[in-house]
$ cat my_file_12.pdb   # PDB, C-alpha atoms
ATOM      1  CA  MET R   5     104.245 144.808 118.062
ATOM      2  CA  ALA R   6     104.107 147.396 120.857
ATOM      3  CA  GLY R   7     100.680 147.951 122.315
ATOM      4  CA  SER R   8      99.271 144.709 120.901
ATOM      5  CA  ASP R   9      98.968 142.853 124.222
ATOM      6  CA  PRO R  10      95.247 142.654 125.111
ATOM      7  CA  LEU R  11      96.092 141.826 128.734
ATOM      8  CA  SER R  12      98.902 144.294 129.320
ATOM      9  CA  SER R  13      98.130 144.728 133.034
ATOM     10  CA  TRP R  14      98.665 140.993 133.604
ATOM     11  CA  ASN R  15     102.224 139.867 134.259
ATOM     12  CA  GLU R  16     103.635 137.184 132.026
ATOM     13  CA  GLY R  17     103.267 133.787 133.621
ATOM     14  CA  SER R  18     101.040 130.758 133.970
ATOM     15  CA  THR R  19      97.900 132.700 134.977
ATOM     16  CA  LYS R  20      97.934 134.976 131.960
ATOM     17  CA  GLN R  21      98.973 132.159 129.641
ATOM     18  CA  SER R  22      96.129 129.945 130.848
ATOM     19  CA  ILE R  23      93.606 132.653 129.971
ATOM     20  CA  LEU R  24      95.129 133.193 126.533
ATOM     21  CA  ASP R  25      95.264 129.452 125.846
ATOM     22  CA  PHE R  26      91.634 128.981 126.860
ATOM     23  CA  VAL R  27      90.380 131.779 124.633
ATOM     24  CA  ARG R  28      92.532 130.633 121.730
ATOM     25  CA  GLY R  29      91.253 127.077 122.080
ATOM     26  CA  VAL R  30      87.529 127.904 122.182
ATOM     27  CA  THR R  31      87.715 130.415 119.327
ATOM     28  CA  THR R  32      89.938 128.589 116.818
ATOM     29  CA  ALA R  33      87.942 126.769 114.156
ATOM     30  CA  GLY R  34      89.045 123.159 113.935
ATOM     31  CA  SER R  35      90.314 123.125 117.510
ATOM     32  CA  PRO R  36      88.996 120.199 119.605
ATOM     33  CA  HIS R  37      87.949 122.832 122.153
ATOM     34  CA  PHE R  38      86.128 125.109 119.693
ATOM     35  CA  VAL R  39      82.898 126.639 121.014
ATOM     36  CA  LYS R  40      80.299 128.273 118.796
ATOM     37  CA  PRO R  41      80.023 132.049 119.349
ATOM     38  CA  GLU R  42      76.469 131.810 120.699
ATOM     39  CA  ASP R  43      77.708 129.517 123.475
ATOM     40  CA  ARG R  44      80.610 131.729 124.529
ATOM     41  CA  ILE R  45      79.080 132.965 127.755
ATOM     42  CA  ALA R  46      81.238 134.385 130.572
ATOM     43  CA  VAL R  47      79.868 135.336 133.988
ATOM     44  CA  PHE R  48      81.542 137.692 136.448
ATOM     45  CA  ASP R  49      80.899 138.423 140.078
ATOM     46  CA  ASN R  50      81.138 142.158 140.752
ATOM     47  CA  ASP R  51      82.198 142.979 144.329
ATOM     48  CA  GLY R  52      85.824 141.983 144.809
ATOM     49  CA  THR R  53      86.057 140.648 141.258
ATOM     50  CA  LEU R  54      85.490 143.645 138.984
ATOM     51  CA  TRP R  55      85.778 146.402 141.562
ATOM     52  CA  SER R  56      86.973 146.525 145.143
ATOM     53  CA  GLU R  57      84.795 145.476 148.084
ATOM     54  CA  GLN R  58      86.794 146.992 150.935
ATOM     55  CA  PRO R  59      86.494 148.458 153.520
ATOM     56  CA  SER R  60      82.861 147.455 152.873
ATOM     57  CA  TYR R  61      80.687 146.688 149.883
ATOM     58  CA  PHE R  62      80.266 149.880 147.906
ATOM     59  CA  GLN R  63      76.504 149.430 147.889
ATOM     60  CA  LEU R  64      76.670 149.377 151.685
ATOM     61  CA  ALA R  65      78.353 152.799 151.544
ATOM     62  CA  PHE R  66      75.377 153.881 149.434
ATOM     63  CA  VAL R  67      73.033 152.479 152.106
ATOM     64  CA  PHE R  68      74.870 154.410 154.832
ATOM     65  CA  ASP R  69      74.637 157.653 152.875
ATOM     66  CA  ARG R  70      70.947 157.063 152.142
ATOM     67  CA  MET R  71      70.201 156.372 155.813
ATOM     68  CA  LYS R  72      71.874 159.624 156.835
ATOM     69  CA  ALA R  73      70.017 161.584 154.165
ATOM     70  CA  MET R  74      66.675 160.073 155.197
ATOM     71  CA  ALA R  75      67.195 160.254 158.975
ATOM     72  CA  PRO R  76      65.717 163.754 159.528
ATOM     73  CA  GLN R  77      62.377 162.435 158.225
ATOM     74  CA  HIS R  78      62.531 159.408 160.524
ATOM     75  CA  PRO R  79      63.036 160.436 164.179
ATOM     76  CA  GLU R  80      61.807 156.978 165.222
ATOM     77  CA  TRP R  81      65.050 155.485 163.928
ATOM     78  CA  LYS R  82      66.782 156.600 167.141
ATOM     79  CA  ASP R  83      65.087 153.684 168.898
ATOM     80  CA  ASN R  84      66.500 151.071 166.508
ATOM     81  CA  PRO R  85      70.056 149.934 167.442
ATOM     82  CA  LEU R  86      70.834 148.829 163.895
ATOM     83  CA  TYR R  87      69.801 152.168 162.409
ATOM     84  CA  THR R  88      71.653 154.200 165.011
ATOM     85  CA  ALA R  89      74.742 152.086 164.330
ATOM     86  CA  VAL R  90      74.585 153.170 160.687
ATOM     87  CA  LEU R  91      74.113 156.814 161.641
ATOM     88  CA  ASN R  92      77.120 156.556 163.982
ATOM     89  CA  ASN R  93      79.288 154.720 161.416
ATOM     90  CA  ASP R  94      79.449 151.737 163.767
ATOM     91  CA  MET R  95      80.432 149.036 161.284
ATOM     92  CA  LYS R  96      81.040 146.461 164.034
ATOM     93  CA  THR R  97      77.397 146.537 165.113
ATOM     94  CA  VAL R  98      76.182 146.573 161.517
ATOM     95  CA  ALA R  99      78.352 143.547 160.705
ATOM     96  CA  ALA R 100      77.045 141.750 163.794
ATOM     97  CA  GLY R 101      73.560 142.045 162.327
ATOM     98  CA  GLY R 102      74.627 139.669 159.562
ATOM     99  CA  LEU R 103      72.818 139.189 156.288
ATOM    100  CA  LYS R 104      69.435 139.753 157.908
ATOM    101  CA  GLY R 105      70.490 143.198 159.101
ATOM    102  CA  LEU R 106      71.994 144.147 155.757
ATOM    103  CA  LEU R 107      68.822 143.123 153.957
ATOM    104  CA  GLU R 108      66.750 145.207 156.364
ATOM    105  CA  LEU R 109      68.920 148.252 155.735
ATOM    106  CA  ALA R 110      68.744 147.715 151.996
ATOM    107  CA  THR R 111      64.964 147.431 151.892
ATOM    108  CA  VAL R 112      64.508 150.515 154.098
ATOM    109  CA  THR R 113      66.746 152.661 151.904
ATOM    110  CA  HIS R 114      65.906 151.183 148.502
ATOM    111  CA  ALA R 115      62.110 150.923 148.699
ATOM    112  CA  GLY R 116      59.134 153.282 148.824
ATOM    113  CA  MET R 117      59.852 154.926 145.484
ATOM    114  CA  THR R 118      59.499 154.241 141.787
ATOM    115  CA  THR R 119      62.212 152.499 139.799
ATOM    116  CA  ASP R 120      62.942 155.761 137.958
ATOM    117  CA  GLU R 121      63.305 157.656 141.227
ATOM    118  CA  PHE R 122      65.685 155.022 142.572
ATOM    119  CA  ALA R 123      67.795 155.088 139.397
ATOM    120  CA  LYS R 124      68.156 158.873 139.734
ATOM    121  CA  ILE R 125      69.270 158.565 143.371
ATOM    122  CA  VAL R 126      71.880 155.946 142.433
ATOM    123  CA  ALA R 127      73.119 157.986 139.465
ATOM    124  CA  ASP R 128      73.589 161.087 141.629
ATOM    125  CA  TRP R 129      75.415 159.100 144.318
ATOM    126  CA  ILE R 130      77.730 157.191 141.983
ATOM    127  CA  ALA R 131      78.700 160.475 140.323
ATOM    128  CA  SER R 132      79.804 162.087 143.579
ATOM    129  CA  ALA R 133      80.575 159.597 146.383
ATOM    130  CA  ARG R 134      84.235 158.832 147.016
ATOM    131  CA  HIS R 135      86.126 155.847 148.333
ATOM    132  CA  PRO R 136      87.525 156.481 151.855
ATOM    133  CA  LYS R 137      91.020 155.113 151.142
ATOM    134  CA  PHE R 138      91.665 156.343 147.610
ATOM    135  CA  ASN R 139      89.522 159.520 147.660
ATOM    136  CA  ARG R 140      88.262 158.729 144.167
ATOM    137  CA  LEU R 141      84.874 157.987 142.726
ATOM    138  CA  TYR R 142      83.828 154.406 143.349
ATOM    139  CA  THR R 143      83.716 153.885 139.598
ATOM    140  CA  ASP R 144      87.472 154.579 139.554
ATOM    141  CA  ILE R 145      88.116 151.683 141.952
ATOM    142  CA  ILE R 146      87.773 149.202 139.092
ATOM    143  CA  TYR R 147      90.395 146.533 138.426
ATOM    144  CA  GLN R 148      92.181 147.417 135.207
ATOM    145  CA  PRO R 149      93.236 143.789 134.516
ATOM    146  CA  MET R 150      89.589 142.717 134.685
ATOM    147  CA  LEU R 151      88.504 145.522 132.355
ATOM    148  CA  GLU R 152      91.079 144.248 129.887
ATOM    149  CA  LEU R 153      89.807 140.709 130.347
ATOM    150  CA  LEU R 154      86.207 141.775 129.675
ATOM    151  CA  ALA R 155      87.273 143.566 126.497
ATOM    152  CA  TYR R 156      89.449 140.643 125.383
ATOM    153  CA  LEU R 157      86.626 138.153 125.793
ATOM    154  CA  ARG R 158      84.142 140.337 123.923
ATOM    155  CA  ALA R 159      86.664 140.865 121.121
ATOM    156  CA  ASN R 160      86.686 137.072 120.795
ATOM    157  CA  GLY R 161      82.942 136.628 120.506
ATOM    158  CA  PHE R 162      82.026 136.233 124.171
ATOM    159  CA  LYS R 163      78.936 137.714 125.749
ATOM    160  CA  THR R 164      79.810 138.938 129.257
ATOM    161  CA  PHE R 165      77.355 138.967 132.167
ATOM    162  CA  ILE R 166      77.546 140.239 135.737
ATOM    163  CA  VAL R 167      76.148 137.804 138.316
ATOM    164  CA  SER R 168      76.343 139.539 141.680
ATOM    165  CA  GLY R 169      74.869 139.485 145.148
ATOM    166  CA  GLY R 170      74.537 143.259 144.803
ATOM    167  CA  GLY R 171      71.281 144.925 143.913
ATOM    168  CA  VAL R 172      70.476 144.518 140.241
ATOM    169  CA  GLU R 173      68.892 147.963 139.898
ATOM    170  CA  PHE R 174      71.778 149.562 141.772
ATOM    171  CA  MET R 175      74.266 148.141 139.262
ATOM    172  CA  ARG R 176      72.277 148.632 136.084
ATOM    173  CA  VAL R 177      72.502 152.411 136.418
ATOM    174  CA  TRP R 178      76.252 152.573 135.783
ATOM    175  CA  VAL R 179      77.669 149.220 134.601
ATOM    176  CA  GLU R 180      77.393 149.887 130.874
ATOM    177  CA  GLN R 181      79.457 153.047 131.123
ATOM    178  CA  VAL R 182      82.027 151.460 133.430
ATOM    179  CA  TYR R 183      82.306 147.862 132.195
ATOM    180  CA  GLY R 184      80.700 147.974 128.750
ATOM    181  CA  ILE R 185      78.088 145.486 129.976
ATOM    182  CA  PRO R 186      74.506 146.499 129.079
ATOM    183  CA  PRO R 187      71.875 146.458 131.843
ATOM    184  CA  GLU R 188      70.062 143.462 130.380
ATOM    185  CA  GLN R 189      73.236 141.416 130.986
ATOM    186  CA  VAL R 190      73.269 142.126 134.717
ATOM    187  CA  ILE R 191      71.877 139.604 137.203
ATOM    188  CA  GLY R 192      71.644 140.542 140.860
ATOM    189  CA  SER R 193      69.595 140.533 144.015
ATOM    190  CA  SER R 194      66.253 142.295 143.848
ATOM    191  CA  ILE R 195      63.350 143.547 145.907
ATOM    192  CA  VAL R 196      59.699 143.209 144.963
ATOM    193  CA  THR R 197      58.303 145.764 142.524
ATOM    194  CA  LYS R 198      54.638 146.501 141.888
ATOM    195  CA  PHE R 199      52.937 148.002 138.853
ATOM    196  CA  GLU R 200      50.469 150.759 139.639
ATOM    197  CA  MET R 201      48.862 153.850 138.145
ATOM    198  CA  VAL R 202      49.806 157.085 139.912
ATOM    199  CA  ALA R 203      47.884 160.163 138.747
ATOM    200  CA  GLY R 204      47.193 158.373 135.503
ATOM    201  CA  VAL R 205      50.848 157.449 134.946
ATOM    202  CA  PRO R 206      52.015 153.797 134.976
ATOM    203  CA  VAL R 207      54.952 153.260 137.336
ATOM    204  CA  LEU R 208      56.838 150.425 139.005
ATOM    205  CA  THR R 209      57.043 150.967 142.765
ATOM    206  CA  ARG R 210      59.771 149.322 144.833
ATOM    207  CA  LEU R 211      58.469 147.534 147.931
ATOM    208  CA  PRO R 212      60.359 146.753 151.178
ATOM    209  CA  GLN R 213      60.403 143.021 150.522
ATOM    210  CA  LEU R 214      63.195 140.785 149.207
ATOM    211  CA  ASN R 215      62.403 139.186 145.866
ATOM    212  CA  PHE R 216      65.592 137.186 145.175
ATOM    213  CA  MET R 217      69.013 136.864 146.783
ATOM    214  CA  ASP R 218      71.598 136.261 144.078
ATOM    215  CA  ASP R 219      74.415 134.734 146.068
ATOM    216  CA  ASN R 220      75.845 131.259 146.735
ATOM    217  CA  VAL R 221      73.355 128.666 145.419
ATOM    218  CA  GLY R 222      71.248 131.489 143.998
ATOM    219  CA  LYS R 223      73.830 132.331 141.333
ATOM    220  CA  PRO R 224      73.549 129.230 139.121
ATOM    221  CA  VAL R 225      69.771 129.293 139.610
ATOM    222  CA  ALA R 226      69.655 132.891 138.375
ATOM    223  CA  ILE R 227      72.007 132.193 135.463
ATOM    224  CA  ASN R 228      69.763 129.372 134.313
ATOM    225  CA  ALA R 229      66.635 131.528 134.660
ATOM    226  CA  HIS R 230      67.974 134.690 133.038
ATOM    227  CA  ILE R 231      70.539 133.562 130.459
ATOM    228  CA  GLY R 232      69.231 130.165 129.393
ATOM    229  CA  ARG R 233      72.707 129.028 128.339
ATOM    230  CA  LYS R 234      75.354 127.518 130.545
ATOM    231  CA  PRO R 235      78.504 129.665 130.795
ATOM    232  CA  ILE R 236      81.867 128.305 129.770
ATOM    233  CA  ALA R 237      83.810 130.759 131.947
ATOM    234  CA  ALA R 238      83.161 132.079 135.453
ATOM    235  CA  PHE R 239      85.070 134.626 137.520
ATOM    236  CA  GLY R 240      84.719 135.265 141.263
ATOM    237  CA  ASN R 241      86.649 136.016 144.422
ATOM    238  CA  SER R 242      84.894 134.392 147.365
ATOM    239  CA  ASP R 243      82.917 131.432 148.628
ATOM    240  CA  GLY R 244      79.811 133.321 147.546
ATOM    241  CA  ASP R 245      80.884 132.454 143.988
ATOM    242  CA  LEU R 246      81.604 128.792 144.735
ATOM    243  CA  GLN R 247      78.439 127.284 143.266
ATOM    244  CA  MET R 248      78.655 129.468 140.150
ATOM    245  CA  LEU R 249      82.206 128.250 139.557
ATOM    246  CA  GLN R 250      81.253 124.641 140.234
ATOM    247  CA  TRP R 251      78.253 124.699 137.908
ATOM    248  CA  THR R 252      80.112 126.457 135.097
ATOM    249  CA  THR R 253      83.150 124.183 135.072
ATOM    250  CA  ILE R 254      81.666 120.743 135.730
ATOM    251  CA  ASN R 255      80.751 119.967 132.103
ATOM    252  CA  THR R 256      83.007 118.310 129.568
ATOM    253  CA  GLY R 257      84.768 120.494 127.040
ATOM    254  CA  SER R 258      86.906 123.524 127.652
ATOM    255  CA  ARG R 259      85.836 125.461 130.757
ATOM    256  CA  LEU R 260      87.528 128.260 132.690
ATOM    257  CA  GLY R 261      87.132 129.125 136.361
ATOM    258  CA  LEU R 262      89.133 131.979 137.874
ATOM    259  CA  ILE R 263      89.352 133.353 141.411
ATOM    260  CA  VAL R 264      90.725 136.824 142.131
ATOM    261  CA  HIS R 265      92.873 136.447 145.263
ATOM    262  CA  HIS R 266      93.380 139.675 147.208
ATOM    263  CA  THR R 267      97.025 139.592 148.250
ATOM    264  CA  ASP R 268      98.180 143.179 147.716
ATOM    265  CA  ALA R 269      97.964 145.304 150.852
ATOM    266  CA  ALA R 270     100.009 148.091 149.275
ATOM    267  CA  ARG R 271      98.000 148.720 146.108
ATOM    268  CA  GLU R 272      94.610 147.462 147.337
ATOM    269  CA  TYR R 273      93.918 145.125 150.293
ATOM    270  CA  ALA R 274      95.176 141.725 151.444
ATOM    271  CA  TYR R 275      92.605 139.359 152.955
ATOM    272  CA  VAL R 276      90.918 135.975 152.686
ATOM    273  CA  ALA R 277      88.181 136.714 155.223
ATOM    274  CA  SER R 278      86.438 139.888 156.305
ATOM    275  CA  SER R 279      82.989 141.204 157.157
ATOM    276  CA  MET R 280      82.453 141.185 153.407
ATOM    277  CA  GLY R 281      82.793 137.410 153.125
ATOM    278  CA  LYS R 282      85.566 134.857 152.929
ATOM    279  CA  LEU R 283      87.607 132.821 150.493
ATOM    280  CA  ASP R 284      88.020 129.373 151.997
ATOM    281  CA  VAL R 285      86.185 126.469 150.345
ATOM    282  CA  ALA R 286      86.500 127.932 146.853
ATOM    283  CA  LEU R 287      90.250 128.385 147.280
ATOM    284  CA  LYS R 288      90.635 124.768 148.393
ATOM    285  CA  GLU R 289      88.518 123.499 145.510
ATOM    286  CA  ALA R 290      90.487 125.542 142.997
ATOM    287  CA  ALA R 291      93.412 123.136 143.187
ATOM    288  CA  THR R 292      91.302 120.007 142.631
ATOM    289  CA  ARG R 293      89.011 121.502 139.986
ATOM    290  CA  GLY R 294      91.723 123.220 137.964
ATOM    291  CA  TRP R 295      90.530 126.767 138.566
ATOM    292  CA  ILE R 296      92.998 129.606 138.097
ATOM    293  CA  VAL R 297      93.864 131.618 141.203
ATOM    294  CA  ALA R 298      94.884 135.104 140.081
ATOM    295  CA  ASP R 299      97.247 136.437 142.753
ATOM    296  CA  MET R 300      96.719 140.187 142.717
ATOM    297  CA  LYS R 301     100.204 141.009 143.993
ATOM    298  CA  ASN R 302     102.081 138.701 141.647
ATOM    299  CA  ASP R 303      99.857 138.422 138.570
ATOM    300  CA  TRP R 304      98.851 142.059 138.095
ATOM    301  CA  ASN R 305     101.414 144.723 137.247
ATOM    302  CA  ARG R 306      98.687 147.338 137.653
ATOM    303  CA  VAL R 307      95.539 147.201 139.788
ATOM    304  CA  PHE R 308      93.759 150.455 138.940
ATOM    305  CA  ALA R 309      93.921 152.656 135.849
ATOM    306  CA  PHE R 310      94.697 155.736 137.946
ATOM    307  CA  GLU R 311      98.055 154.229 138.934
ATOM    308  CA  ASP R 312      99.341 155.551 135.596
ATOM    309  CA  GLN R 313      98.265 159.094 136.404
ATOM    310  CA  LYS R 314     100.932 161.335 137.822
TER     311      LYS R 314
END
$ encode --input "my_file_12.pdb" --output "C-alpha cells"
Amino acid sequence: MAGSDPLSSWNEGSTKQSILDFVRGVTTAGSPHFVKPEDRIAVFDNDGTLWSEQPSYFQLAFVFDRMKAMAPQHPEWKDNPLYTAVLNNDMKTVAAGGLKGLLELATVTHAGMTTDEFAKIVADWIASARHPKFNRLYTDIIYQPMLELLAYLRANGFKTFIVSGGGVEFMRVWVEQVYGIPPEQVIGSSIVTKFEMVAGVPVLTRLPQLNFMDDNVGKPVAINAHIGRKPIAAFGNSDGDLQMLQWTTINTGSRLGLIVHHTDAAREYAYVASSMGKLDVALKEAATRGWIVADMKNDWNRVFAFEDQK
C-alpha cells in the first residue's frame, strides 16, 4: 500500500532490511528474539547522528554567537588569544585549543545565569540562527531518515533517548519539538548548578565549572546512571560513540548497533575525520561486531526534509 513504508527515506537494501528485521524480531511475541516493551531502550548520539555536525558542532556556533554578544561587556577578552580567535571567526586557532579550549568557551558563555535565563537564550538562538551552508534554521538540518527511524521505533514500543556530548540543557530546550524526545530522555554534558535564593525566589544558578562530560567512556556510565536499563539498540557516527555501541551490543540476545557514515559531499558532507572528531576505531569494529554502517550516499534517498520543497 502506498505510503505505508515507515522508513521511506531509506533505500531498499541490506541496511534497511537489517533494521526492519531487528525490530520485527524483538517485537513479535513468540519470537526467540522477543524483548519486553519495558526493555526496548534505544539510545542515539545527536551531533552527526540526528542532525549535522559540520562545519562545526551547532552548539559551538551558539558559543561563537554568545561570545560576540557578550564581548562589549568584556573588554579584557582582547588579551585572551582563544577569545579573540572566536571573535575573529578563527576556527583553526579554536580547534588547536582542543577539548580544554572548547570547555572553557562553553563555561564562559553558558554560566553566570539561572537555568531559566539560559533556556530563554537558547530558545531565542535556535529560533533564529541559520546554518552557513544551507541558510536554514539549525533545526531544519535534521536527518529525515533518522526522524523516521525514531518514529518507527517508538511505534513499536521503544523508548528513545539522546546520549550526546553536547550540553544537556542546550538540547532540552528544543529536542521534544524537533525529535519527539522529551527533555527527561536527554542525557548530555553538564556544568555545575547551585540552588540559591535570589530576592526571595529559589533559582538554580549555572556555574563556570564542568560537572560531567558525556562522551566516549562517559556515555555508558551516564546511561547506567540515568536510565537504569541497558539499551538494546545504539546509534552513533564517530569514535566518541564507540563505548556506547560496545556496551549496548555485547550482551546475548538481539542487539542493534548502527553507525551513520558521512559519505555524501553533494547533499551534506563527506568525511571520516575533522575538527569535530573522527570515525576510525568504531568503523573497524563495526565489521567484527556486526554493527550496521549506514552509508549516507547509498542508503538514504533523502537526507533532509527540505529536499522535497521546491
$ atom_distance --input "my_file_12.pdb" --atom1 "CA of Val190 (chain R)" --atom2 "CA of Phe165 (chain R)"
5.8 Å
$ atom_distance --input "my_file_12.pdb" --atom1 "CA of Trp295 (chain R)" --atom2 "CA of Thr256 (chain R)"
14.5 Å
$ closest_residue --input "my_file_12.pdb" --among "R:Thr19, R:Asn93, R:Thr143, R:Thr118" --to "Ser56 (chain R)" --atoms "only C-alpha atoms"
R:Thr143
$ resolve_selection --input "my_file_12.pdb" --expression "the PyMOL selection byres ((chain R and resi 223-239) around 6)" --output "list in words"
Ile45, Ala46, Val47, Phe48, Asp218, Asp219, Asn220, Val221, Gly222, Gly240, Met248, Leu249, Thr252, Arg259, Leu260, Gly261, Leu262 and Ile263 of chain R
$ write_last_selection --input "my_file_12.pdb" --atoms "C-alpha atoms" --output "PDB file, in the coordinates of the input"
ATOM      1  CA  ILE R  45      79.080 132.965 127.755  1.00  0.00           C
ATOM      2  CA  ALA R  46      81.238 134.385 130.572  1.00  0.00           C
ATOM      3  CA  VAL R  47      79.868 135.336 133.988  1.00  0.00           C
ATOM      4  CA  PHE R  48      81.542 137.692 136.448  1.00  0.00           C
ATOM      5  CA  ASP R 218      71.598 136.261 144.078  1.00  0.00           C
ATOM      6  CA  ASP R 219      74.415 134.734 146.068  1.00  0.00           C
ATOM      7  CA  ASN R 220      75.845 131.259 146.735  1.00  0.00           C
ATOM      8  CA  VAL R 221      73.355 128.666 145.419  1.00  0.00           C
ATOM      9  CA  GLY R 222      71.248 131.489 143.998  1.00  0.00           C
ATOM     10  CA  GLY R 240      84.719 135.265 141.263  1.00  0.00           C
ATOM     11  CA  MET R 248      78.655 129.468 140.150  1.00  0.00           C
ATOM     12  CA  LEU R 249      82.206 128.250 139.557  1.00  0.00           C
ATOM     13  CA  THR R 252      80.112 126.457 135.097  1.00  0.00           C
ATOM     14  CA  ARG R 259      85.836 125.461 130.757  1.00  0.00           C
ATOM     15  CA  LEU R 260      87.528 128.260 132.690  1.00  0.00           C
ATOM     16  CA  GLY R 261      87.132 129.125 136.361  1.00  0.00           C
ATOM     17  CA  LEU R 262      89.133 131.979 137.874  1.00  0.00           C
ATOM     18  CA  ILE R 263      89.352 133.353 141.411  1.00  0.00           C
TER      19      ILE R 263
END
$ residues_around --input "my_file_12.pdb" --residues "Gly257 (chain R)" --least-positions-apart "5" --cutoff "10 Å" --atoms "all atoms listed in the file" --output "ChimeraX atom specification"
/R:30,36-39,236
$ resolve_selection --input "my_file_12.pdb" --expression "the PyMOL selection byres ((chain R and resi 168) around 9)" --output "PyMOL selection string"
chain R and resi 48-51+166-167+169-172+190-193+218-219+223+245
$ resolve_selection --input "my_file_12.pdb" --expression "the PyMOL selection byres ((chain R and resi 181) around 12)" --output "number ranges by chain"
R: 127, 130-131, 143-144, 151, 175-180, 182-187
$ atom_distance --input "my_file_12.pdb" --atom1 "CA of Met71 (chain R)" --atom2 "CA of Leu208 (chain R)"
22.3 Å
$ decode --input "my_file_12.pdb" --residues "region 246-261 of chain R" --atoms "N, CA, C and O atoms" --output "tab-separated table (two decimals), in the first residue's frame"
chain	number	residue	atom	x	y	z
R	246	LEU	N	31.89	5.00	20.44
R	246	LEU	CA	32.40	3.63	20.44
R	246	LEU	C	31.98	2.85	21.68
R	246	LEU	O	31.43	1.74	21.57
R	247	GLN	N	32.24	3.39	22.85
R	247	GLN	CA	31.95	2.66	24.09
R	247	GLN	C	30.45	2.44	24.29
R	247	GLN	O	30.04	1.42	24.83
R	248	MET	N	29.63	3.39	23.86
R	248	MET	CA	28.19	3.22	23.94
R	248	MET	C	27.73	2.06	23.05
R	248	MET	O	26.90	1.24	23.46
R	249	LEU	N	28.30	1.98	21.86
R	249	LEU	CA	27.97	0.88	20.95
R	249	LEU	C	28.47	-0.45	21.50
R	249	LEU	O	27.76	-1.47	21.45
R	250	GLN	N	29.68	-0.45	22.02
R	250	GLN	CA	30.23	-1.69	22.59
R	250	GLN	C	29.36	-2.20	23.74
R	250	GLN	O	29.00	-3.38	23.78
R	251	TRP	N	29.05	-1.32	24.66
R	251	TRP	CA	28.32	-1.70	25.87
R	251	TRP	C	26.89	-2.16	25.55
R	251	TRP	O	26.38	-3.11	26.14
R	252	THR	N	26.28	-1.52	24.57
R	252	THR	CA	24.91	-1.87	24.20
R	252	THR	C	24.83	-3.23	23.53
R	252	THR	O	23.89	-4.00	23.76
R	253	THR	N	25.81	-3.56	22.71
R	253	THR	CA	25.69	-4.74	21.84
R	253	THR	C	26.42	-5.98	22.36
R	253	THR	O	26.33	-7.04	21.73
R	254	ILE	N	27.10	-5.89	23.49
R	254	ILE	CA	27.90	-7.01	23.95
R	254	ILE	C	27.06	-8.15	24.51
R	254	ILE	O	27.47	-9.32	24.50
R	255	ASN	N	25.88	-7.87	25.02
R	255	ASN	CA	25.06	-8.89	25.68
R	255	ASN	C	24.50	-9.91	24.68
R	255	ASN	O	24.44	-9.67	23.48
R	256	THR	N	24.07	-11.04	25.21
R	256	THR	CA	23.38	-12.02	24.38
R	256	THR	C	21.98	-11.50	24.05
R	256	THR	O	21.50	-10.55	24.65
R	257	GLY	N	21.35	-12.15	23.11
R	257	GLY	CA	20.04	-11.67	22.66
R	257	GLY	C	20.20	-10.73	21.49
R	257	GLY	O	21.31	-10.42	21.05
R	258	SER	N	19.08	-10.28	20.97
R	258	SER	CA	19.11	-9.43	19.79
R	258	SER	C	19.53	-8.01	20.17
R	258	SER	O	18.93	-7.38	21.05
R	259	ARG	N	20.58	-7.52	19.55
R	259	ARG	CA	21.10	-6.18	19.78
R	259	ARG	C	21.39	-5.52	18.44
R	259	ARG	O	21.75	-6.20	17.48
R	260	LEU	N	21.24	-4.20	18.39
R	260	LEU	CA	21.48	-3.47	17.14
R	260	LEU	C	22.43	-2.31	17.41
R	260	LEU	O	22.19	-1.48	18.30
R	261	GLY	N	23.51	-2.25	16.65
R	261	GLY	CA	24.41	-1.11	16.64
R	261	GLY	C	24.45	-0.54	15.23
R	261	GLY	O	24.55	-1.30	14.26
